[in-house]
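Printed here is protein.txt (compact mmCIF, C-alpha atoms and all ligand atoms):
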```
# COMPACT_ATOMS: atom_id res chain seq x y z
CA MET A 1 55.27 109.90 147.96
CA LEU A 2 52.44 112.46 147.82
CA THR A 3 52.55 115.62 149.88
CA CYS A 4 49.51 117.90 149.67
CA PHE A 5 49.56 121.59 150.51
CA TRP A 6 46.29 123.38 151.24
CA SER A 7 44.95 126.38 153.08
CA PRO A 8 41.79 127.41 154.89
CA LYS A 9 41.65 130.69 152.96
CA GLY A 10 42.83 131.93 149.55
CA GLY A 11 45.75 134.31 149.31
CA SER A 12 47.74 132.49 152.00
CA GLY A 13 50.73 131.65 149.81
CA THR A 14 49.86 127.98 149.20
CA SER A 15 50.62 127.99 145.49
CA VAL A 16 53.94 129.78 145.94
CA VAL A 17 55.01 127.49 148.80
CA THR A 18 54.04 124.33 146.86
CA ALA A 19 55.96 125.50 143.79
CA ALA A 20 59.02 126.34 145.93
CA VAL A 21 59.00 122.91 147.61
CA ALA A 22 58.73 121.20 144.21
CA LEU A 23 61.60 123.26 142.77
CA VAL A 24 63.81 122.45 145.75
CA ALA A 25 62.86 118.74 145.69
CA ALA A 26 63.80 118.61 142.00
CA ARG A 27 67.42 119.30 142.94
CA ASP A 28 67.47 115.68 144.23
CA GLY A 29 65.66 114.06 141.32
CA ALA A 30 62.63 114.14 139.07
CA THR A 31 59.66 115.68 140.85
CA ARG A 32 56.01 116.24 140.00
CA LEU A 33 53.99 119.30 140.86
CA ALA A 34 50.29 118.45 140.82
CA ASP A 35 48.02 121.48 140.55
CA LEU A 36 44.39 120.95 141.52
CA VAL A 37 43.53 124.64 141.37
CA GLY A 38 44.96 126.04 138.16
CA ASP A 39 47.31 128.77 139.39
CA GLN A 40 50.62 126.92 138.97
CA PRO A 41 51.19 127.89 135.32
CA ALA A 42 51.01 131.54 136.40
CA VAL A 43 53.16 131.00 139.50
CA LEU A 44 55.78 129.18 137.38
CA GLY A 45 55.68 131.72 134.56
CA ALA A 46 54.38 129.24 131.96
CA ALA A 47 53.14 130.89 128.78
CA SER A 48 49.70 129.28 128.78
CA ASP A 49 47.30 127.27 130.94
CA PRO A 50 46.99 123.64 129.78
CA PRO A 51 43.26 123.10 129.12
CA THR A 52 43.16 119.49 130.32
CA GLY A 53 44.41 118.01 133.55
CA MET A 54 43.58 116.33 136.85
CA ARG A 55 40.08 117.80 137.01
CA GLU A 56 39.11 116.04 133.79
CA TRP A 57 40.77 112.86 135.09
CA LEU A 58 38.71 113.15 138.30
CA ARG A 59 35.48 113.50 136.34
CA VAL A 60 36.19 110.21 134.55
CA GLY A 61 36.41 108.71 138.02
CA VAL A 62 37.94 105.60 139.52
CA ASP A 63 38.33 103.90 136.13
CA ALA A 64 40.51 106.68 134.68
CA PRO A 65 43.85 105.18 133.56
CA VAL A 66 46.86 106.03 135.69
CA ASP A 67 49.13 106.47 132.64
CA ALA A 68 46.84 109.24 131.37
CA LEU A 69 48.31 111.40 134.15
CA ASP A 70 51.72 111.26 132.45
CA ARG A 71 50.19 112.18 129.09
CA LEU A 72 48.60 115.26 130.71
CA SER A 73 51.92 116.37 132.24
CA VAL A 74 54.19 119.10 130.92
CA GLU A 75 57.84 119.73 131.83
CA ILE A 76 58.28 123.18 133.33
CA VAL A 77 61.99 123.19 134.05
CA PRO A 78 64.39 120.24 133.93
CA GLY A 79 63.35 117.89 136.72
CA VAL A 80 59.93 119.42 137.41
CA THR A 81 56.85 118.10 135.65
CA LEU A 82 53.58 119.97 136.06
CA LEU A 83 50.43 117.90 136.23
CA PRO A 84 48.00 120.67 135.39
CA ALA A 85 44.56 121.29 136.88
CA GLY A 86 42.52 121.51 133.71
CA ARG A 87 39.20 123.29 133.73
CA ALA A 88 36.42 120.87 134.64
CA PRO A 89 34.34 121.56 137.75
CA ILE A 90 34.96 119.02 140.53
CA GLY A 91 32.40 120.09 143.15
CA ASP A 92 30.24 117.02 142.44
CA VAL A 93 33.05 114.50 141.90
CA ALA A 94 32.81 111.47 144.20
CA PRO A 95 35.39 111.19 146.98
CA GLU A 96 36.39 107.78 145.58
CA ALA A 97 37.79 109.51 142.49
CA GLY A 98 39.86 111.87 144.68
CA ALA A 99 41.14 108.87 146.62
CA ALA A 100 41.99 107.07 143.36
CA LEU A 101 43.90 110.10 142.07
CA ALA A 102 45.82 110.48 145.33
CA THR A 103 46.62 106.75 145.33
CA ALA A 104 47.97 106.96 141.77
CA LEU A 105 50.13 109.97 142.66
CA ARG A 106 51.27 108.46 145.96
CA ASP A 107 52.28 105.12 144.46
CA ASP A 108 54.47 106.65 141.74
CA PRO A 109 58.20 106.51 142.55
CA ARG A 110 58.61 110.23 141.87
CA PRO A 111 57.78 112.55 144.77
CA THR A 112 54.64 114.58 144.04
CA LEU A 113 53.89 117.92 145.63
CA ALA A 114 50.22 118.85 145.22
CA ASP A 115 48.62 122.29 145.40
CA VAL A 116 45.13 121.53 146.67
CA GLY A 117 44.24 125.14 147.44
CA VAL A 118 41.18 125.59 149.67
CA PRO A 119 39.74 122.05 149.81
CA GLY A 120 36.15 122.79 148.84
CA SER A 121 35.15 119.42 147.36
CA SER A 122 34.81 115.83 148.55
CA ALA A 123 37.42 114.80 145.97
CA ALA A 124 39.97 117.29 147.34
CA GLU A 125 39.29 116.21 150.92
CA ALA A 126 39.72 112.57 149.93
CA MET A 127 43.08 113.44 148.35
CA LEU A 128 44.22 114.96 151.65
CA GLU A 129 43.19 111.78 153.47
CA VAL A 130 45.10 109.45 151.15
CA ALA A 131 48.26 111.57 150.83
CA ASP A 132 51.40 110.58 152.71
CA ALA A 133 51.49 114.07 154.19
CA SER A 134 49.08 117.00 154.35
CA VAL A 135 50.44 120.47 155.13
CA LEU A 136 48.42 123.60 155.88
CA VAL A 137 49.74 126.92 154.63
CA VAL A 138 48.49 129.82 156.77
CA ARG A 139 49.26 133.41 157.54
CA GLY A 140 49.05 134.59 161.14
CA CYS A 141 45.45 135.55 160.44
CA TYR A 142 42.92 134.93 163.19
CA VAL A 143 40.04 134.56 160.73
CA ALA A 144 41.91 131.90 158.72
CA LEU A 145 42.96 130.04 161.87
CA ARG A 146 39.40 129.98 163.22
CA ARG A 147 38.27 128.58 159.91
CA ALA A 148 41.06 125.98 159.90
CA VAL A 149 40.06 124.74 163.34
CA ARG A 150 36.57 123.92 162.00
CA MET A 151 37.85 122.10 158.90
CA ALA A 152 38.00 118.29 158.92
CA PRO A 153 41.41 117.94 157.17
CA THR A 154 43.13 119.97 159.93
CA ALA A 155 42.91 117.10 162.41
CA ARG A 156 44.79 114.80 160.02
CA ALA A 157 47.38 117.34 158.84
CA HIS A 158 51.07 116.70 159.53
CA GLY A 159 52.07 120.30 160.04
CA VAL A 160 51.87 123.93 159.12
CA VAL A 161 53.85 126.34 156.99
CA LEU A 162 53.46 129.80 158.45
CA VAL A 163 53.67 132.68 155.96
CA GLU A 164 54.81 135.52 158.18
CA GLU A 165 53.68 139.05 157.47
CA PRO A 166 55.12 141.95 159.39
CA GLY A 167 52.75 143.42 161.95
CA ARG A 168 50.76 140.28 162.72
CA ALA A 169 50.17 139.60 166.42
CA LEU A 170 50.01 135.81 165.98
CA GLY A 171 53.41 134.14 165.74
CA ALA A 172 54.54 130.57 165.15
CA ARG A 173 53.88 129.45 168.73
CA GLU A 174 50.29 130.75 168.76
CA VAL A 175 49.54 129.31 165.32
CA GLY A 176 50.94 125.90 166.31
CA ASP A 177 48.99 125.95 169.58
CA VAL A 178 45.67 126.97 167.99
CA LEU A 179 45.92 124.29 165.31
CA GLY A 180 47.55 121.64 167.50
CA LEU A 181 50.15 121.04 164.78
CA PRO A 182 53.91 121.51 164.44
CA VAL A 183 55.09 124.55 162.48
CA LEU A 184 57.36 122.91 159.89
CA ALA A 185 58.75 126.14 158.48
CA ARG A 186 58.24 129.90 158.43
CA VAL A 187 58.17 131.78 155.13
CA PRO A 188 58.69 135.52 155.35
CA VAL A 189 56.52 137.75 153.17
CA ARG A 190 59.02 139.71 151.08
CA SER A 191 58.46 142.09 148.20
CA GLN A 192 61.30 140.35 146.31
CA THR A 193 59.35 137.08 146.41
CA ALA A 194 56.20 138.76 145.12
CA ARG A 195 58.19 140.45 142.34
CA VAL A 196 59.84 137.19 141.23
CA VAL A 197 56.42 135.51 141.05
CA ASP A 198 54.83 138.46 139.23
CA ALA A 199 57.70 138.46 136.72
CA GLY A 200 57.18 134.74 136.03
CA VAL A 201 60.76 133.81 136.89
CA LEU A 202 60.31 131.77 140.07
CA PRO A 203 61.79 128.53 138.61
CA THR A 204 65.06 130.20 137.65
CA ARG A 205 65.31 132.77 140.47
CA LEU A 206 63.92 131.03 143.52
CA PRO A 207 64.74 133.43 146.38
CA GLU A 208 66.73 131.93 149.24
CA GLN A 209 64.10 133.25 151.69
CA LEU A 210 61.69 130.83 150.00
CA ALA A 211 64.15 128.02 149.22
CA ARG A 212 65.27 127.75 152.85
CA PRO A 213 61.82 127.05 154.36
CA ALA A 214 61.07 124.76 151.38
CA ARG A 215 64.14 122.66 152.29
CA GLN A 216 63.00 122.62 155.93
CA VAL A 217 59.57 121.30 154.93
CA LEU A 218 61.16 118.47 152.93
CA ALA A 219 63.58 117.64 155.73
CA ARG A 220 60.87 117.60 158.37
CA LEU A 221 58.56 115.44 156.26
CA GLY A 222 61.26 112.82 155.88
CA GLY A 223 64.26 113.23 153.63
CA ALA A 224 64.26 115.08 150.36
CA GLY A 225 60.75 113.95 149.48
CA HIS A 226 62.16 110.78 147.96
CA GLU A 227 61.88 108.69 151.09
CA GLY A 228 59.17 107.12 153.19
CA ARG A 229 56.10 108.39 154.87
CA ALA A 230 56.14 111.29 157.32
CA ALA A 231 55.58 110.47 160.98
N1 LIG B 1 56.44 134.75 150.72
C1 LIG B 1 55.79 135.64 149.98
N2 LIG B 1 56.23 136.93 149.91
C2 LIG B 1 55.56 137.84 149.18
N3 LIG B 1 54.47 137.59 148.45
C3 LIG B 1 53.99 136.33 148.47
C4 LIG B 1 54.61 135.29 149.22
N4 LIG B 1 53.89 134.15 149.04
C5 LIG B 1 52.89 134.46 148.21
N5 LIG B 1 52.93 135.76 147.87
C6 LIG B 1 52.00 136.47 147.00
O1 LIG B 1 50.72 136.44 147.62
C7 LIG B 1 49.69 136.20 146.67
C8 LIG B 1 48.95 134.94 147.03
O2 LIG B 1 49.85 133.84 146.96
P1 LIG B 1 49.35 132.41 146.47
O3 LIG B 1 50.51 131.48 146.60
O4 LIG B 1 48.68 132.53 145.15
O5 LIG B 1 48.26 132.10 147.61
P2 LIG B 1 47.15 130.96 147.64
O6 LIG B 1 47.60 129.87 146.72
O7 LIG B 1 47.10 130.51 149.08
O8 LIG B 1 45.87 131.60 147.22
C9 LIG B 1 50.38 136.16 145.30
O9 LIG B 1 50.36 137.45 144.74
C10 LIG B 1 51.81 135.78 145.66
O10 LIG B 1 52.74 136.25 144.70
MG MG B 2 46.67 128.99 145.14
```
Before we go any further, please render this structure as structure tokens.
Amino acid sequence: MLTCFWSPKGGSGTSVVTAAVALVAARDGATRLADLVGDQPAVLGAASDPPTGMREWLRVGVDAPVDALDRLSVEIVPGVTLLPAGRAPIGDVAPEAGAALATALRDDPRPTLADVGVPGSSAAEAMLEVADASVLVVRGCYVALRRAVRMAPTARAHGVVLVEEPGRALGAREVGDVLGLPVLARVPVRSQTARVVDAGVLPTRLPEQLARPARQVLARLGGAGHEGRAA
């Protein structure tokens, strides 16, 4: 089972939401967090950024061995394995390689939650196509929503996680209507969440205001991430 999280615009909360969903899913069994961007070590409070990861795998292309993904992985907390991004550029990687990576992640018995960030490459877009579920993470930001409407992966997404900032005019109903997608969960912007991330202690002190919507996402996508494909 592969669930990809992505956003039309950086700074939306995609990396934090993906990490939270992986940490919650791990309470039901071994879970993988696949980072295509490179921010997960920081979000999870890891001491260093692994230099090699999925980006190098993608550059090798469709013939890259599936078991190499396990050799690239590092355990972050018991039950959560990080498949790191690595450092290679992927702008020119063929979509077939992205599809092959997503197929390898999808066909593994462990649930994989992927942080795709802003999908700016053919490989990333191919991953979103092959994934069992694709979830947009957006704030109630008109600029981001307008951008999302123009992006190809939006039409095939399964739903939205709305990161709610105080003072925004656009609420869950408007966001769902504009994108034509169900709002799976709402994540409040809270200074406590930002502080926990900045202190590098998210895995051990996941705030309930983040854990609750993470559980809702898993439930709405079909069980605890360990079951079949989302509708
Ligand atoms: N629910 C939240 N409450 C408060 N701050 C948040 C929340 N989600 C994310 N942030 C903060 O917002 C910034 C951007 O989040 P991030 O997950 O890196 O966004 P993205 O991956 O979409 O670029 C980070 O500083 C992060 O700590
Ligand atoms: Mg990010």
Checklist entry - Restricting the calculation to only C-alpha atoms and all ligand atoms, which member of A:Val62, A:Leu179, A:Ala114, A:Met54 is positioned closest to ligand LIG 1 (chain B)? => result A:Ala114
Protein and nucleic acid residues within 10 Å of ligand LIG 1 (chain B) (all atoms listed in the file) as a PDB file with C-alpha atoms, in the frame of the given file:
```
ATOM      1  CA  PHE A   5      49.560 121.590 150.510  1.00  0.00           C
ATOM      2  CA  TRP A   6      46.290 123.380 151.240  1.00  0.00           C
ATOM      3  CA  SER A   7      44.950 126.380 153.080  1.00  0.00           C
ATOM      4  CA  PRO A   8      41.790 127.410 154.890  1.00  0.00           C
ATOM      5  CA  LYS A   9      41.650 130.690 152.960  1.00  0.00           C
ATOM      6  CA  GLY A  10      42.830 131.930 149.550  1.00  0.00           C
ATOM      7  CA  GLY A  11      45.750 134.310 149.310  1.00  0.00           C
ATOM      8  CA  SER A  12      47.740 132.490 152.000  1.00  0.00           C
ATOM      9  CA  GLY A  13      50.730 131.650 149.810  1.00  0.00           C
ATOM     10  CA  THR A  14      49.860 127.980 149.200  1.00  0.00           C
ATOM     11  CA  SER A  15      50.620 127.990 145.490  1.00  0.00           C
ATOM     12  CA  VAL A  16      53.940 129.780 145.940  1.00  0.00           C
ATOM     13  CA  VAL A  17      55.010 127.490 148.800  1.00  0.00           C
ATOM     14  CA  THR A  18      54.040 124.330 146.860  1.00  0.00           C
ATOM     15  CA  ALA A  19      55.960 125.500 143.790  1.00  0.00           C
ATOM     16  CA  ALA A  20      59.020 126.340 145.930  1.00  0.00           C
ATOM     17  CA  VAL A  37      43.530 124.640 141.370  1.00  0.00           C
ATOM     18  CA  GLY A  38      44.960 126.040 138.160  1.00  0.00           C
ATOM     19  CA  ASP A  39      47.310 128.770 139.390  1.00  0.00           C
ATOM     20  CA  GLN A  40      50.620 126.920 138.970  1.00  0.00           C
ATOM     21  CA  ALA A  42      51.010 131.540 136.400  1.00  0.00           C
ATOM     22  CA  VAL A  43      53.160 131.000 139.500  1.00  0.00           C
ATOM     23  CA  ASP A 115      48.620 122.290 145.400  1.00  0.00           C
ATOM     24  CA  VAL A 116      45.130 121.530 146.670  1.00  0.00           C
ATOM     25  CA  GLY A 117      44.240 125.140 147.440  1.00  0.00           C
ATOM     26  CA  VAL A 118      41.180 125.590 149.670  1.00  0.00           C
ATOM     27  CA  LEU A 136      48.420 123.600 155.880  1.00  0.00           C
ATOM     28  CA  VAL A 137      49.740 126.920 154.630  1.00  0.00           C
ATOM     29  CA  VAL A 138      48.490 129.820 156.770  1.00  0.00           C
ATOM     30  CA  ARG A 139      49.260 133.410 157.540  1.00  0.00           C
ATOM     31  CA  LEU A 162      53.460 129.800 158.450  1.00  0.00           C
ATOM     32  CA  VAL A 163      53.670 132.680 155.960  1.00  0.00           C
ATOM     33  CA  GLU A 164      54.810 135.520 158.180  1.00  0.00           C
ATOM     34  CA  GLU A 165      53.680 139.050 157.470  1.00  0.00           C
ATOM     35  CA  ARG A 186      58.240 129.900 158.430  1.00  0.00           C
ATOM     36  CA  VAL A 187      58.170 131.780 155.130  1.00  0.00           C
ATOM     37  CA  PRO A 188      58.690 135.520 155.350  1.00  0.00           C
ATOM     38  CA  VAL A 189      56.520 137.750 153.170  1.00  0.00           C
ATOM     39  CA  ARG A 190      59.020 139.710 151.080  1.00  0.00           C
ATOM     40  CA  SER A 191      58.460 142.090 148.200  1.00  0.00           C
ATOM     41  CA  GLN A 192      61.300 140.350 146.310  1.00  0.00           C
ATOM     42  CA  THR A 193      59.350 137.080 146.410  1.00  0.00           C
ATOM     43  CA  ALA A 194      56.200 138.760 145.120  1.00  0.00           C
ATOM     44  CA  ARG A 195      58.190 140.450 142.340  1.00  0.00           C
ATOM     45  CA  VAL A 196      59.840 137.190 141.230  1.00  0.00           C
ATOM     46  CA  VAL A 197      56.420 135.510 141.050  1.00  0.00           C
ATOM     47  CA  ASP A 198      54.830 138.460 139.230  1.00  0.00           C
ATOM     48  CA  ALA A 199      57.700 138.460 136.720  1.00  0.00           C
ATOM     49  CA  GLY A 200      57.180 134.740 136.030  1.00  0.00           C
ATOM     50  CA  LEU A 202      60.310 131.770 140.070  1.00  0.00           C
ATOM     51  CA  PRO A 207      64.740 133.430 146.380  1.00  0.00           C
ATOM     52  CA  GLN A 209      64.100 133.250 151.690  1.00  0.00           C
ATOM     53  CA  LEU A 210      61.690 130.830 150.000  1.00  0.00           C
TER      54      LEU A 210
END
```
Item to check | For A:Val93: contacts at 12 Å, all atoms listed in the file, fewer than 2 positions along chain excluded, given as an MDAnalysis selection string | outcome: chainID A and resid 54:62 88:91 95:101 120:127
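Going from atom CA of A:Gln216 to atom CA of A:Leu181 covers 15.7 Å.
For the pair atom CA of A:Ala214 and atom CA of A:Leu44, the interatomic distance is 15.6 Å.
Distance check against A:Leu113 using all atoms listed in the file: of A:Thr31, A:Thr52, A:Thr204, A:Ser73, the minimum falls on A:Thr31.
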Checklist entry - If you count only C-alpha atoms, which residues fall within 9 Å of A:Arg215, apart from same-chain ones fewer than 4 positions away, as a ChimeraX atom specification? => result /A:20-21,24-25,185,210-211,219-220,224
Next on the checklist: Given the point (55.7, 119.5, 129.6) in the coordinates of this file, which residues lie within 12 Å, counting all atoms listed in the file, and how would they look as a ChimeraX atom specification?
Outcome noted: /A:32-33,41,46-50,69-84
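Straight-line separation from atom CA of A:Ala85 to atom CA of A:Thr3: 16.3 Å.
Distance annotation: of A:Ala131, A:Leu36, A:Ala30, A:Leu206, the residue with the minimal separation from ligand MG 2 (chain B) is A:Leu36; atom set is only C-alpha atoms and all ligand atoms.
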